file query_7.cif (mmCIF, C-alpha atoms)
data_upload
#
loop_
_atom_site.group_PDB
_atom_site.id
_atom_site.type_symbol
_atom_site.label_atom_id
_atom_site.label_comp_id
_atom_site.auth_asym_id
_atom_site.auth_seq_id
_atom_site.Cartn_x
_atom_site.Cartn_y
_atom_site.Cartn_z
ATOM 1 C CA MET U 1 8.514 -78.322 19.596
ATOM 2 C CA ALA U 2 11.027 -75.519 19.298
ATOM 3 C CA ALA U 3 10.098 -72.496 17.254
ATOM 4 C CA LEU U 4 12.515 -71.289 14.645
ATOM 5 C CA THR U 5 13.942 -67.856 14.991
ATOM 6 C CA SER U 6 14.374 -65.698 11.941
ATOM 7 C CA ALA U 7 17.922 -64.689 12.889
ATOM 8 C CA PRO U 8 20.686 -67.028 11.745
ATOM 9 C CA SER U 9 21.959 -69.298 14.490
ATOM 10 C CA PRO U 10 25.653 -69.371 15.339
ATOM 11 C CA ARG U 11 27.718 -71.743 13.234
ATOM 12 C CA VAL U 12 27.979 -75.211 14.722
ATOM 13 C CA PRO U 13 31.602 -76.266 15.119
ATOM 14 C CA LEU U 14 32.215 -78.964 12.568
ATOM 15 C CA VAL U 15 34.555 -80.851 14.884
ATOM 16 C CA GLN U 16 31.672 -82.139 16.962
ATOM 17 C CA PRO U 17 30.438 -85.692 16.382
ATOM 18 C CA LEU U 18 27.839 -85.871 13.647
ATOM 19 C CA GLY U 19 25.321 -87.297 16.058
ATOM 20 C CA ALA U 20 25.522 -84.149 18.168
ATOM 21 C CA MET U 21 24.442 -81.988 15.194
ATOM 22 C CA GLU U 22 21.462 -84.214 14.624
ATOM 23 C CA VAL U 23 20.486 -84.170 18.319
ATOM 24 C CA ARG U 24 20.779 -80.368 18.434
ATOM 25 C CA PHE U 25 18.515 -80.056 15.390
ATOM 26 C CA ILE U 26 15.802 -82.281 16.797
ATOM 27 C CA ASP U 27 15.929 -81.732 20.546
ATOM 28 C CA GLU U 28 17.361 -78.251 20.967
ATOM 29 C CA GLY U 29 15.749 -76.404 18.089
ATOM 30 C CA MET U 30 18.907 -75.746 16.085
ATOM 31 C CA GLY U 31 18.011 -73.565 13.125
ATOM 32 C CA TYR U 32 17.493 -74.848 9.622
ATOM 33 C CA ASP U 33 20.077 -72.329 8.467
ATOM 34 C CA THR U 34 22.740 -74.353 10.296
ATOM 35 C CA LEU U 35 21.863 -77.416 8.227
ATOM 36 C CA TYR U 36 21.884 -75.253 5.098
ATOM 37 C CA ASP U 37 25.383 -74.004 5.962
ATOM 38 C CA ALA U 38 26.716 -77.406 7.087
ATOM 39 C CA GLY U 39 29.655 -78.739 5.153
ATOM 40 C CA LEU U 40 29.289 -81.473 2.576
ATOM 41 C CA ALA U 41 31.170 -84.020 4.699
ATOM 42 C CA ASP U 42 28.870 -83.339 7.658
ATOM 43 C CA ARG U 43 25.750 -83.723 5.516
ATOM 44 C CA ILE U 44 27.051 -86.964 4.028
ATOM 45 C CA GLY U 45 27.725 -88.255 7.529
ATOM 46 C CA LEU U 46 24.216 -87.397 8.675
ATOM 47 C CA VAL U 47 22.708 -89.166 5.683
ATOM 48 C CA ARG U 48 24.921 -92.239 6.031
ATOM 49 C CA GLN U 49 24.034 -92.771 9.677
ATOM 50 C CA GLY U 50 20.363 -92.008 9.034
ATOM 51 C CA LEU U 51 18.305 -89.277 10.623
ATOM 52 C CA PRO U 52 15.968 -90.231 13.451
ATOM 53 C CA ALA U 53 12.454 -90.506 12.056
ATOM 54 C CA LYS U 54 11.222 -88.022 14.678
ATOM 55 C CA VAL U 55 12.854 -85.291 12.583
ATOM 56 C CA LEU U 56 9.792 -85.650 10.330
ATOM 57 C CA THR U 57 7.522 -84.741 13.228
ATOM 58 C CA ARG U 58 9.566 -81.619 14.018
ATOM 59 C CA MET U 59 9.649 -80.543 10.373
ATOM 60 C CA ALA U 60 5.913 -81.022 9.843
ATOM 61 C CA GLY U 61 5.205 -79.119 13.063
ATOM 62 C CA ASP U 62 7.535 -76.269 12.158
ATOM 63 C CA MET U 63 5.994 -76.083 8.693
ATOM 64 C CA ALA U 64 2.454 -76.267 10.157
ATOM 65 C CA ILE U 65 1.459 -79.049 7.770
ATOM 66 C CA PRO U 66 0.133 -82.567 8.281
ATOM 67 C CA ARG U 67 2.929 -85.143 8.351
ATOM 68 C CA GLU U 68 1.235 -86.867 5.431
ATOM 69 C CA ARG U 69 1.922 -83.847 3.189
ATOM 70 C CA LEU U 70 5.602 -83.914 4.167
ATOM 71 C CA TYR U 71 5.716 -87.668 3.531
ATOM 72 C CA ALA U 72 4.233 -87.130 0.060
ATOM 73 C CA TRP U 73 6.845 -84.496 -0.811
ATOM 74 C CA LEU U 74 9.562 -86.873 0.385
ATOM 75 C CA GLY U 75 8.133 -89.926 -1.342
ATOM 76 C CA ILE U 76 7.986 -91.837 1.959
ATOM 77 C CA ALA U 77 5.150 -94.271 2.598
ATOM 78 C CA ARG U 78 2.912 -92.999 5.403
ATOM 79 C CA THR U 79 2.760 -96.344 7.217
ATOM 80 C CA THR U 80 6.537 -96.781 7.100
ATOM 81 C CA ALA U 81 7.195 -93.230 8.304
ATOM 82 C CA ASN U 82 4.648 -93.443 11.138
ATOM 83 C CA ARG U 83 6.026 -96.824 12.253
ATOM 84 C CA LYS U 84 9.590 -95.476 12.328
ATOM 85 C CA VAL U 85 8.546 -92.338 14.208
ATOM 86 C CA GLN U 86 6.638 -94.367 16.832
ATOM 87 C CA ALA U 87 9.448 -96.924 17.212
ATOM 88 C CA GLY U 88 12.155 -94.263 17.418
ATOM 89 C CA GLU U 89 13.952 -95.745 14.413
ATOM 90 C CA LEU U 90 16.279 -94.150 11.913
ATOM 91 C CA LEU U 91 15.261 -93.234 8.396
ATOM 92 C CA SER U 92 16.967 -95.024 5.535
ATOM 93 C CA GLN U 93 19.800 -93.203 3.798
ATOM 94 C CA ASP U 94 17.503 -92.299 0.889
ATOM 95 C CA ASP U 95 14.761 -91.000 3.183
ATOM 96 C CA SER U 96 17.331 -89.133 5.300
ATOM 97 C CA GLU U 97 18.746 -87.452 2.211
ATOM 98 C CA ARG U 98 15.302 -86.303 1.096
ATOM 99 C CA ALA U 99 14.368 -85.042 4.590
ATOM 100 C CA LEU U 100 17.675 -83.199 4.851
ATOM 101 C CA GLY U 101 16.956 -81.686 1.435
ATOM 102 C CA ILE U 102 13.722 -80.090 2.640
ATOM 103 C CA ALA U 103 15.351 -78.968 5.890
ATOM 104 C CA ARG U 104 18.155 -77.339 3.882
ATOM 105 C CA LEU U 105 15.586 -75.651 1.617
ATOM 106 C CA VAL U 106 13.966 -74.091 4.687
ATOM 107 C CA GLY U 107 17.441 -72.995 5.782
ATOM 108 C CA GLN U 108 18.099 -71.520 2.349
ATOM 109 C CA VAL U 109 14.866 -69.501 2.509
ATOM 110 C CA GLN U 110 15.714 -68.394 6.053
ATOM 111 C CA THR U 111 19.181 -67.281 4.909
ATOM 112 C CA VAL U 112 17.878 -65.428 1.837
ATOM 113 C CA VAL U 113 15.371 -63.482 3.918
ATOM 114 C CA ALA U 114 17.933 -62.723 6.642
ATOM 115 C CA GLN U 115 20.352 -61.404 4.019
ATOM 116 C CA SER U 116 17.631 -59.156 2.619
ATOM 117 C CA GLY U 117 17.268 -57.480 5.992
ATOM 118 C CA ALA U 118 13.566 -58.327 6.270
ATOM 119 C CA ALA U 119 13.749 -61.341 8.593
ATOM 120 C CA GLU U 120 11.864 -59.952 11.585
ATOM 121 C CA GLY U 121 8.663 -61.920 12.076
ATOM 122 C CA PHE U 122 9.297 -64.109 9.039
ATOM 123 C CA ASP U 123 8.659 -67.841 9.513
ATOM 124 C CA ALA U 124 10.789 -69.601 6.917
ATOM 125 C CA ALA U 125 9.390 -73.061 7.604
ATOM 126 C CA ARG U 126 5.765 -72.010 7.130
ATOM 127 C CA TRP U 127 6.540 -69.865 4.090
ATOM 128 C CA THR U 128 8.467 -72.736 2.489
ATOM 129 C CA ALA U 129 5.613 -75.164 3.126
ATOM 130 C CA GLN U 130 3.123 -72.810 1.503
ATOM 131 C CA TRP U 131 5.437 -72.158 -1.456
ATOM 132 C CA LEU U 132 6.097 -75.896 -1.962
ATOM 133 C CA ASP U 133 2.343 -76.444 -2.264
ATOM 134 C CA GLU U 134 1.587 -73.709 -4.829
ATOM 135 C CA PRO U 135 1.709 -74.301 -8.602
ATOM 136 C CA ASN U 136 4.738 -72.575 -10.068
ATOM 137 C CA ALA U 137 4.960 -71.181 -13.612
ATOM 138 C CA ALA U 138 8.698 -71.934 -13.758
ATOM 139 C CA LEU U 139 7.801 -75.603 -13.230
ATOM 140 C CA ASN U 140 5.108 -75.679 -15.919
ATOM 141 C CA GLY U 141 2.389 -75.240 -13.311
ATOM 142 C CA GLU U 142 3.551 -78.081 -11.065
ATOM 143 C CA THR U 143 4.193 -77.531 -7.374
ATOM 144 C CA PRO U 144 7.789 -77.309 -6.124
ATOM 145 C CA GLY U 145 6.888 -79.933 -3.511
ATOM 146 C CA SER U 146 6.285 -82.504 -6.235
ATOM 147 C CA PHE U 147 9.979 -82.265 -7.138
ATOM 148 C CA MET U 148 11.390 -82.809 -3.640
ATOM 149 C CA ASP U 149 11.531 -86.602 -3.861
ATOM 150 C CA THR U 150 14.537 -86.660 -6.230
ATOM 151 C CA ALA U 151 18.026 -85.166 -5.959
ATOM 152 C CA ASP U 152 17.673 -83.328 -9.273
ATOM 153 C CA GLY U 153 14.259 -82.044 -8.227
ATOM 154 C CA ARG U 154 15.653 -80.671 -4.969
ATOM 155 C CA THR U 155 18.453 -78.989 -6.920
ATOM 156 C CA LEU U 156 15.914 -77.442 -9.302
ATOM 157 C CA VAL U 157 13.739 -76.147 -6.463
ATOM 158 C CA ALA U 158 16.748 -74.742 -4.586
ATOM 159 C CA SER U 159 17.820 -72.959 -7.767
ATOM 160 C CA LEU U 160 14.385 -71.289 -7.956
ATOM 161 C CA VAL U 161 14.863 -69.944 -4.439
ATOM 162 C CA ALA U 162 18.313 -68.656 -5.421
ATOM 163 C CA GLN U 163 16.801 -66.993 -8.493
ATOM 164 C CA MET U 164 14.236 -65.239 -6.294
ATOM 165 C CA GLN U 165 17.076 -63.782 -4.253
ATOM 166 C CA THR U 166 18.825 -62.371 -7.316
ATOM 167 C CA GLY U 167 15.647 -61.138 -8.958
ATOM 168 C CA ALA U 168 16.104 -63.487 -11.920
ATOM 169 C CA TYR U 169 12.984 -65.465 -11.001
ATOM 170 C CA ALA U 170 10.330 -65.262 -13.712
#

call {"tool": "encode", "arguments": {"input": "query_7.cif", "output": "structure tokens"}}
result
Amino acid sequence: MAALTSAPSPRVPLVQPLGAMEVRFIDEGMGYDTLYDAGLADRIGLVRQGLPAKVLTRMAGDMAIPRERLYAWLGIARTTANRKVQAGELLSQDDSERALGIARLVGQVQTVVAQSGAAEGFDAARWTAQWLDEPNAALNGETPGSFMDTADGRTLVASLVAQMQTGAYA
């Protein structure tokens, strides 16, 4: 399992086949920041073709959490996810979109910290996992992770990270 670096990775040329981006993320340790910066058309393509289920294993490992916690945040049944991981299958479009949403959130956190100049030694994946699991006053005491299973929830959580960057976070 590749470790994430805190420095932003070079931009991936968007002319490459979509499958190559997905392979680089899973097998070569491409940074989450690259997925965060990926263009809308590229992200749509990744979701439409479906991410390999083994992306869940990489994400859970990078975040240092049990896969079951990641599955709960994503709203994916444990038995279905484990079967797809073991069989080397693709996630459905809905499951791919949710998994990409958490990966992009990690990339957003990584980018925010890098822009602050305090990225050395910071592990965005682990910090994000911890933050997703903590009750948040801006969410009426609910955890950000409990919102990651819907598109609007992911947007809300990403906006909280953006507010932290600007200092507008309460």

call {"tool": "residues_near_point", "arguments": {"input": "query_7.cif", "point": "(12.1, -82.0, 2.3)", "cutoff": "7 Å", "atoms": "only C-alpha atoms", "output": "short mmCIF file (atom, residue, chain, number, x, y, z; two decimals) with C-alpha atoms, in the coordinates of the input"}}
result
data_model
loop_
_atom_site.label_atom_id
_atom_site.label_comp_id
_atom_site.auth_asym_id
_atom_site.auth_seq_id
_atom_site.Cartn_x
_atom_site.Cartn_y
_atom_site.Cartn_z
CA TRP U 73 6.84 -84.50 -0.81
CA LEU U 74 9.56 -86.87 0.38
CA ARG U 98 15.30 -86.30 1.10
CA ALA U 99 14.37 -85.04 4.59
CA LEU U 100 17.68 -83.20 4.85
CA GLY U 101 16.96 -81.69 1.44
CA ILE U 102 13.72 -80.09 2.64
CA ALA U 103 15.35 -78.97 5.89
CA MET U 148 11.39 -82.81 -3.64
#

call {"tool": "residues_around", "arguments": {"input": "query_7.cif", "residues": "U:Val113", "least_positions_apart": "3", "cutoff": "10 Å", "atoms": "all atoms listed in the file", "output": "PyMOL selection string"}}
result
chain U and resi 6-7+107-110+116-120+122-124+165

call {"tool": "residues_around", "arguments": {"input": "query_7.cif", "residues": "stretch 38-52 of chain U", "least_positions_apart": "6", "cutoff": "7 Å", "atoms": "only C-alpha atoms", "output": "list in words"}}
result
Leu18, Gly88, Glu89, Leu90, Leu91, Ser92, Gln93, Ser96 and Glu97 of chain U

call {"tool": "atom_distance", "arguments": {"input": "query_7.cif", "atom1": "atom CA of U:Ala87", "atom2": "atom CA of U:Lys54"}}
result
9.4 Å

call {"tool": "residues_around", "arguments": {"input": "query_7.cif", "residues": "U:Ala138", "least_positions_apart": "2", "cutoff": "12 Å", "atoms": "all atoms listed in the file", "output": "list in words"}}
result
Glu134, Pro135, Asn136, Asn140, Gly141, Glu142, Thr143, Pro144, Leu156, Val157, Ser159, Leu160, Val161, Gln163, Met164, Ala168, Tyr169 and Ala170 of chain U

call {"tool": "axis_aligned_box", "arguments": {"input": "query_7.cif", "around": "stretch 130-143 of chain U", "padding_each_side": "6 Å", "output": "lines of an AutoDock Vina configuration file"}}
result
center_x = 5.1
center_y = -74.6
center_z = -7.2
size_x = 19.1
size_y = 18.9
size_z = 29.4

call {"tool": "atom_distance", "arguments": {"input": "query_7.cif", "atom1": "atom CA of U:Gln115", "atom2": "atom CA of U:Ala162"}}
result
12.1 Å

call {"tool": "build_atoms", "arguments": {"input": "query_7.cif", "residues": "stretch 125-149 of chain U", "atoms": "N, CA and C atoms", "output": "mmCIF file, in the frame of the given file"}}
result
data_model
loop_
_atom_site.group_PDB
_atom_site.id
_atom_site.type_symbol
_atom_site.label_atom_id
_atom_site.label_comp_id
_atom_site.auth_asym_id
_atom_site.auth_seq_id
_atom_site.Cartn_x
_atom_site.Cartn_y
_atom_site.Cartn_z
ATOM 1 N N ALA U 125 9.956 -71.719 7.752
ATOM 2 C CA ALA U 125 9.390 -73.061 7.604
ATOM 3 C C ALA U 125 7.965 -72.998 7.052
ATOM 4 N N ARG U 126 7.159 -72.126 7.604
ATOM 5 C CA ARG U 126 5.765 -72.010 7.130
ATOM 6 C C ARG U 126 5.694 -71.429 5.721
ATOM 7 N N TRP U 127 6.529 -70.436 5.432
ATOM 8 C CA TRP U 127 6.540 -69.865 4.090
ATOM 9 C C TRP U 127 6.959 -70.926 3.071
ATOM 10 N N THR U 128 7.990 -71.690 3.402
ATOM 11 C CA THR U 128 8.467 -72.736 2.489
ATOM 12 C C THR U 128 7.381 -73.772 2.237
ATOM 13 N N ALA U 129 6.687 -74.178 3.288
ATOM 14 C CA ALA U 129 5.613 -75.164 3.126
ATOM 15 C C ALA U 129 4.536 -74.648 2.188
ATOM 16 N N GLN U 130 4.154 -73.387 2.373
ATOM 17 C CA GLN U 130 3.123 -72.810 1.503
ATOM 18 C C GLN U 130 3.631 -72.743 0.061
ATOM 19 N N TRP U 131 4.863 -72.293 -0.117
ATOM 20 C CA TRP U 131 5.437 -72.158 -1.456
ATOM 21 C C TRP U 131 5.573 -73.519 -2.147
ATOM 22 N N LEU U 132 5.966 -74.554 -1.382
ATOM 23 C CA LEU U 132 6.097 -75.896 -1.962
ATOM 24 C C LEU U 132 4.764 -76.431 -2.472
ATOM 25 N N ASP U 133 3.682 -75.939 -1.934
ATOM 26 C CA ASP U 133 2.343 -76.444 -2.264
ATOM 27 C C ASP U 133 1.637 -75.647 -3.358
ATOM 28 N N GLU U 134 2.242 -74.551 -3.822
ATOM 29 C CA GLU U 134 1.587 -73.709 -4.829
ATOM 30 C C GLU U 134 2.121 -74.006 -6.226
ATOM 31 N N PRO U 135 1.240 -74.119 -7.224
ATOM 32 C CA PRO U 135 1.709 -74.301 -8.602
ATOM 33 C C PRO U 135 2.664 -73.169 -8.984
ATOM 34 N N ASN U 136 3.694 -73.537 -9.734
ATOM 35 C CA ASN U 136 4.738 -72.575 -10.068
ATOM 36 C C ASN U 136 4.920 -72.530 -11.582
ATOM 37 N N ALA U 137 4.835 -71.334 -12.158
ATOM 38 C CA ALA U 137 4.960 -71.181 -13.612
ATOM 39 C C ALA U 137 6.309 -71.672 -14.125
ATOM 40 N N ALA U 138 7.365 -71.484 -13.336
ATOM 41 C CA ALA U 138 8.698 -71.934 -13.758
ATOM 42 C C ALA U 138 8.801 -73.455 -13.824
ATOM 43 N N LEU U 139 7.834 -74.137 -13.227
ATOM 44 C CA LEU U 139 7.801 -75.603 -13.230
ATOM 45 C C LEU U 139 6.617 -76.113 -14.056
ATOM 46 N N ASN U 140 6.234 -75.326 -15.047
ATOM 47 C CA ASN U 140 5.108 -75.679 -15.919
ATOM 48 C C ASN U 140 3.826 -75.929 -15.139
ATOM 49 N N GLY U 141 3.618 -75.135 -14.091
ATOM 50 C CA GLY U 141 2.389 -75.240 -13.311
ATOM 51 C C GLY U 141 2.400 -76.314 -12.243
ATOM 52 N N GLU U 142 3.471 -77.074 -12.123
ATOM 53 C CA GLU U 142 3.551 -78.081 -11.065
ATOM 54 C C GLU U 142 3.997 -77.410 -9.771
ATOM 55 N N THR U 143 3.775 -78.091 -8.657
ATOM 56 C CA THR U 143 4.193 -77.531 -7.374
ATOM 57 C C THR U 143 5.656 -77.879 -7.112
ATOM 58 N N PRO U 144 6.411 -76.971 -6.480
ATOM 59 C CA PRO U 144 7.789 -77.309 -6.124
ATOM 60 C C PRO U 144 7.872 -78.556 -5.245
ATOM 61 N N GLY U 145 6.885 -78.756 -4.378
ATOM 62 C CA GLY U 145 6.888 -79.933 -3.511
ATOM 63 C C GLY U 145 6.911 -81.245 -4.271
ATOM 64 N N SER U 146 6.323 -81.261 -5.460
ATOM 65 C CA SER U 146 6.285 -82.504 -6.235
ATOM 66 C C SER U 146 7.657 -82.879 -6.788
ATOM 67 N N PHE U 147 8.624 -81.987 -6.658
ATOM 68 C CA PHE U 147 9.979 -82.265 -7.138
ATOM 69 C C PHE U 147 10.935 -82.662 -6.022
ATOM 70 N N MET U 148 10.488 -82.627 -4.772
ATOM 71 C CA MET U 148 11.390 -82.809 -3.640
ATOM 72 C C MET U 148 11.775 -84.262 -3.366
ATOM 73 N N ASP U 149 11.217 -85.198 -4.109
ATOM 74 C CA ASP U 149 11.531 -86.602 -3.861
ATOM 75 C C ASP U 149 12.737 -87.105 -4.656
#
